[in-house]
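What follows is a short report on a single structure.
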Amino acid sequence: MTLFAKNLSDGGFGGLENSQPDINDVDAVVLPVPYDGAVSYMPGSRLGPAAIIEASAHVELYDAQWGVDCEQLKIATLNPVEPDVSGPGATISRVENIYDGILRKAGFVLMLGGDHSLTTAAVTALAKRFKSTLTVVQLDAHADLRDIYQSSPYSHACVMRRVIERAAIVQIGVRNISREEAGFIKKSGHPVYPAWEIADRTDWIGPMLEGLSEHVYITVDLDCFDPSVVPGVGTPEPGGLTWAGVTNVIRMIGSKRKIVGADMMELMPIPGSVQSEFTAAKLGFKILAAALLS
Ligand SMILES: [Mn+2]
């Protein structure tokens, strides 16, 4: 699989010059996957990656809050992955192959979705490397633990069920759980921190961190945020997480464990508003900083 960096004129993540076609020599690769063929409600997240990349040019790279500077990171933004027309399963396999190819060269991938089903691809590639030392931390409004949804095991509503078949998981911020999923959680026994339990609290973070393996993958479904923070998602859910809450958790994870990959999924741009994509872009730099500069 050949990997191409985007042309310089396209502008990469952060508006950074993309003069680095050789990804052997970068700190991080941004992988846009504009695909939303596995959504259950509103399509549109295929427009997410481009909107986040465009907004990212307007984010200040010096992070005064954390005292780190993402300017020092070498980041290559790859060309968007084209979906496989034969369907979600084939598209996930394609992304997995590409992801695997990138991992052979670059250390860290930030994937931009696209719908949440694509996380399975990243986790499959990483689980092959890290085996039982990988925990997937999911920030999401939904548990996404259905075995099958709308007749498909690849629906974005099933993604964490596919992920837990490959790695340990921790779920944070969930507030929409079906009866079937609640039963599965009880049986599985993995840690779940519903939004209503962790609002305005930080005392759960320490015990949560202790349960993580050495290597952590962070998957951010942008609907984890309260819709007042990120309104541009396909399945908004009230009662969500705050900016400070999400960024603090990610920073704490980065300070205690090795973050080996991350994604930001399900952004559905709202015409005329840049609030959601700008927040996502800024979060992308927070993730890169927590993973690579802490
Ligand atoms: Mn999700």
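Scheme for the structure tokens: letters A, B, ... for chains in order shown; per-chain residue numbers from 1; ligand numbers from 1 in order shown.
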
Can you write out as CSV which residues of chain A fall within 8 Å of ligand 1, alongside each residue's closest atom pair and its distance in Å to one decimal, counting only C-alpha atoms and all ligand atoms and ordering rows by chain and ascending residue number?
residue,atom,partner,partner_atom_place_in_ligand_line,distance
A:Asp115,CA,ligand 1,1 (Mn),7.9
A:His116,CA,ligand 1,1 (Mn),5.3
A:Ser117,CA,ligand 1,1 (Mn),7.9
A:Asp140,CA,ligand 1,1 (Mn),5.5
A:Ala141,CA,ligand 1,1 (Mn),6.9
A:His142,CA,ligand 1,1 (Mn),5.6
A:Ala143,CA,ligand 1,1 (Mn),7.0
A:Asp144,CA,ligand 1,1 (Mn),5.7
A:His156,CA,ligand 1,1 (Mn),6.2
A:Ala157,CA,ligand 1,1 (Mn),6.5
A:Val159,CA,ligand 1,1 (Mn),7.1
A:Met160,CA,ligand 1,1 (Mn),7.9
A:Val220,CA,ligand 1,1 (Mn),7.9
A:Asp221,CA,ligand 1,1 (Mn),5.0
A:Asp223,CA,ligand 1,1 (Mn),7.4
A:Met265,CA,ligand 1,1 (Mn),7.6
A:Glu266,CA,ligand 1,1 (Mn),7.4

Per residue of range 156-260 of chain A within 12 Å of range 105-110 of chain A, note the shortest atom pair and the distance in Å to one decimal, counting only C-alpha atoms, and order the rows by chain and increasing residue number, as CSV.
residue,atom,partner,partner_atom,distance
A:Val216,CA,A:Phe108,CA,11.7
A:Tyr217,CA,A:Val109,CA,10.1
A:Ile218,CA,A:Leu110,CA,9.6
A:Thr219,CA,A:Leu110,CA,9.7
A:Val220,CA,A:Leu110,CA,10.7
A:Lys258,CA,A:Phe108,CA,10.8
A:Ile259,CA,A:Phe108,CA,8.6
A:Val260,CA,A:Phe108,CA,6.1

Dump of N, CA and C atoms for the selected residues, as a PDB file, in the first residue's frame:
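Result went into part16.pdb, see below:
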ATOM      1  N   VAL A 216      -2.592   2.815  25.508  1.00  0.00           N
ATOM      2  CA  VAL A 216      -3.986   3.255  25.449  1.00  0.00           C
ATOM      3  C   VAL A 216      -4.300   3.854  24.075  1.00  0.00           C
ATOM      4  N   TYR A 217      -5.428   3.441  23.522  1.00  0.00           N
ATOM      5  CA  TYR A 217      -5.982   4.077  22.333  1.00  0.00           C
ATOM      6  C   TYR A 217      -7.184   4.892  22.785  1.00  0.00           C
ATOM      7  N   ILE A 218      -7.265   6.138  22.349  1.00  0.00           N
ATOM      8  CA  ILE A 218      -8.397   6.985  22.737  1.00  0.00           C
ATOM      9  C   ILE A 218      -9.306   7.207  21.536  1.00  0.00           C
ATOM     10  N   THR A 219     -10.546   6.802  21.672  1.00  0.00           N
ATOM     11  CA  THR A 219     -11.511   7.078  20.614  1.00  0.00           C
ATOM     12  C   THR A 219     -12.525   8.100  21.122  1.00  0.00           C
ATOM     13  N   VAL A 220     -12.564   9.227  20.445  1.00  0.00           N
ATOM     14  CA  VAL A 220     -13.477  10.302  20.820  1.00  0.00           C
ATOM     15  C   VAL A 220     -14.607  10.364  19.807  1.00  0.00           C
ATOM     16  N   LYS A 258       1.027   5.275  27.955  1.00  0.00           N
ATOM     17  CA  LYS A 258       1.439   5.653  26.605  1.00  0.00           C
ATOM     18  C   LYS A 258       0.224   5.631  25.686  1.00  0.00           C
ATOM     19  N   ILE A 259      -0.117   6.791  25.160  1.00  0.00           N
ATOM     20  CA  ILE A 259      -1.215   6.863  24.192  1.00  0.00           C
ATOM     21  C   ILE A 259      -0.635   6.504  22.826  1.00  0.00           C
ATOM     22  N   VAL A 260      -1.100   5.392  22.249  1.00  0.00           N
ATOM     23  CA  VAL A 260      -0.483   4.864  21.021  1.00  0.00           C
ATOM     24  C   VAL A 260      -1.297   5.170  19.756  1.00  0.00           C
TER      25      VAL A 260
END

Please extract the residues of range 86-288 of chain A with a backbone DSSP assignment of helix (DSSP H, G or I) and present them as a PyMOL selection string.
chain A and resi 88-103+116-133+156-164+179-188+195-198+205-210+222-224+243-256+275-288

Quick one: DSSP strand (DSSP E) residues in range 37-92 of chain A, as a PyMOL selection string?
chain A and resi 62-63+68-69+75-77

Include N, CA and C atoms and write out the residues we just selected as an mmCIF file, in the first residue's frame.
data_model
loop_
_atom_site.group_PDB
_atom_site.id
_atom_site.type_symbol
_atom_site.label_atom_id
_atom_site.label_comp_id
_atom_site.auth_asym_id
_atom_site.auth_seq_id
_atom_site.Cartn_x
_atom_site.Cartn_y
_atom_site.Cartn_z
ATOM 1 N N TYR A 62 0.658 26.940 20.125
ATOM 2 C CA TYR A 62 1.205 27.016 21.481
ATOM 3 C C TYR A 62 0.051 26.859 22.462
ATOM 4 N N ASP A 63 0.176 25.879 23.348
ATOM 5 C CA ASP A 63 -0.875 25.607 24.318
ATOM 6 C C ASP A 63 -0.487 26.235 25.649
ATOM 7 N N VAL A 68 2.865 23.682 26.451
ATOM 8 C CA VAL A 68 3.537 22.884 25.408
ATOM 9 C C VAL A 68 3.278 23.531 24.048
ATOM 10 N N ASP A 69 4.105 23.180 23.087
ATOM 11 C CA ASP A 69 3.983 23.804 21.772
ATOM 12 C C ASP A 69 3.926 22.738 20.676
ATOM 13 N N ILE A 75 4.052 16.797 11.660
ATOM 14 C CA ILE A 75 2.773 16.123 11.412
ATOM 15 C C ILE A 75 2.539 16.032 9.907
ATOM 16 N N ALA A 76 2.284 14.839 9.422
ATOM 17 C CA ALA A 76 1.940 14.667 8.008
ATOM 18 C C ALA A 76 0.455 14.340 7.904
ATOM 19 N N THR A 77 -0.244 15.050 7.059
ATOM 20 C CA THR A 77 -1.655 14.756 6.818
ATOM 21 C C THR A 77 -1.766 13.974 5.517
#

Extract, using only C-alpha atoms, all DNA, RNA and protein residues at most 7 Å from range 88-92 of chain A, discarding same-chain residues fewer than 2 positions from it, and format them as an MDAnalysis selection string.
chainID A and resid 37:38 83:84 86 94:96 118 121 154

Prev. selection, C-alpha atoms, output as a JSON list (two decimals), in the first residue's frame:
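Here's the written file again.json:
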[["chain", "number", "residue", "atom", "x", "y", "z"],
["A", 37, "GLY", "CA", -21.84, 4.41, 5.32],
["A", 38, "ALA", "CA", -22.48, 2.80, 8.70],
["A", 83, "PRO", "CA", -14.37, 4.06, 0.93],
["A", 84, "ASP", "CA", -14.74, 0.60, -0.58],
["A", 86, "SER", "CA", -18.84, -2.90, -1.51],
["A", 94, "ARG", "CA", -9.23, -1.21, 3.75],
["A", 95, "VAL", "CA", -8.67, 1.29, 6.55],
["A", 96, "GLU", "CA", -7.10, -1.44, 8.69],
["A", 118, "LEU", "CA", -14.01, 2.95, 11.48],
["A", 121, "ALA", "CA", -9.97, -0.75, 11.83],
["A", 154, "TYR", "CA", -20.60, -2.92, 11.25]]

Which residues are near Lys131 in chain A? Cut-off 12 Å, only C-alpha atoms, ignore same chain within fewer than 2 positions. Put them as a PDB file with C-alpha atoms, in the first residue's frame.
ATOM      1  CA  VAL A 123      -8.014  -1.040  17.012  1.00  0.00           C
ATOM      2  CA  THR A 124      -7.556  -4.211  14.950  1.00  0.00           C
ATOM      3  CA  ALA A 125      -4.226  -2.928  13.621  1.00  0.00           C
ATOM      4  CA  LEU A 126      -3.039  -1.798  17.054  1.00  0.00           C
ATOM      5  CA  ALA A 127      -4.245  -4.911  18.902  1.00  0.00           C
ATOM      6  CA  LYS A 128      -2.047  -7.036  16.630  1.00  0.00           C
ATOM      7  CA  ARG A 129       0.937  -5.109  17.948  1.00  0.00           C
ATOM      8  CA  THR A 133      -1.342  -4.485  26.798  1.00  0.00           C
ATOM      9  CA  LEU A 134      -3.866  -2.306  24.935  1.00  0.00           C
ATOM     10  CA  THR A 135      -6.863  -0.573  26.489  1.00  0.00           C
ATOM     11  CA  VAL A 136      -9.308   1.409  24.373  1.00  0.00           C
ATOM     12  CA  GLU A 165     -13.623  -8.494  20.900  1.00  0.00           C
ATOM     13  CA  ARG A 166     -10.090  -7.172  20.276  1.00  0.00           C
ATOM     14  CA  ALA A 167      -9.039  -5.190  23.383  1.00  0.00           C
ATOM     15  CA  ALA A 168     -10.054  -4.133  26.883  1.00  0.00           C
ATOM     16  CA  SER A 213      -3.077  -1.213  30.442  1.00  0.00           C
ATOM     17  CA  GLU A 214       0.327   0.118  29.479  1.00  0.00           C
ATOM     18  CA  HIS A 215      -0.838   1.250  26.015  1.00  0.00           C
ATOM     19  CA  VAL A 216      -3.986   3.255  25.449  1.00  0.00           C
TER      20      VAL A 216
END

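Residue nearest Ile169 in chain A within the list A:Val137, A:Ala182, A:Met252, A:Ala199: A:Val137 [criterion: smallest interatomic distance, only C-alpha atoms].
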
Neighbouring residues of Val230 in chain A were defined as those with any atom within 10 Å, considering only C-alpha atoms; residues of the same chain fewer than 6 positions away were excluded. Please report them as a list in words.
Leu222, Asp223, Cys224, Pro236, Gly240, Leu241, Thr242, Trp243, Leu267, Met268, Pro269, Val274, Gln275, Ser276, Glu277, Phe278, Thr279 and Ala280 of chain A

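For the pair CA of Phe130 in chain A and CA of Leu78 in chain A, the separation is 23.9 Å.
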
Could you give me, as a JSON list (two decimals) with N, CA and C atoms, in the first residue's frame, the residues within 10 Å of His190 in chain A, counting only C-alpha atoms and dropping anything in the same chain fewer than 5 positions from it?
[["chain", "number", "residue", "atom", "x", "y", "z"],
["A", 164, "ILE", "N", -14.37, -4.52, 21.75],
["A", 164, "ILE", "CA", -14.14, -5.32, 22.97],
["A", 164, "ILE", "C", -13.80, -6.77, 22.61],
["A", 168, "ALA", "N", -9.30, -4.59, 25.71],
["A", 168, "ALA", "CA", -10.05, -4.13, 26.88],
["A", 168, "ALA", "C", -10.60, -2.74, 26.60],
["A", 169, "ILE", "N", -11.75, -2.43, 27.18],
["A", 169, "ILE", "CA", -12.32, -1.09, 26.95],
["A", 169, "ILE", "C", -12.73, -0.42, 28.26],
["A", 170, "VAL", "N", -12.72, 0.93, 28.21],
["A", 170, "VAL", "CA", -13.26, 1.76, 29.27],
["A", 170, "VAL", "C", -14.18, 2.77, 28.59],
["A", 171, "GLN", "N", -15.39, 2.94, 29.12],
["A", 171, "GLN", "CA", -16.36, 3.84, 28.49],
["A", 171, "GLN", "C", -16.64, 5.04, 29.38],
["A", 184, "PHE", "N", -25.37, -6.41, 28.59],
["A", 184, "PHE", "CA", -24.03, -6.79, 28.16],
["A", 184, "PHE", "C", -22.96, -6.21, 29.09],
["A", 185, "ILE", "N", -23.16, -4.95, 29.50],
["A", 185, "ILE", "CA", -22.19, -4.29, 30.40],
["A", 185, "ILE", "C", -22.10, -5.06, 31.71],
["A", 211, "GLY", "N", -6.88, 1.20, 36.18],
["A", 211, "GLY", "CA", -7.37, 0.05, 35.43],
["A", 211, "GLY", "C", -6.85, -0.05, 34.00]]
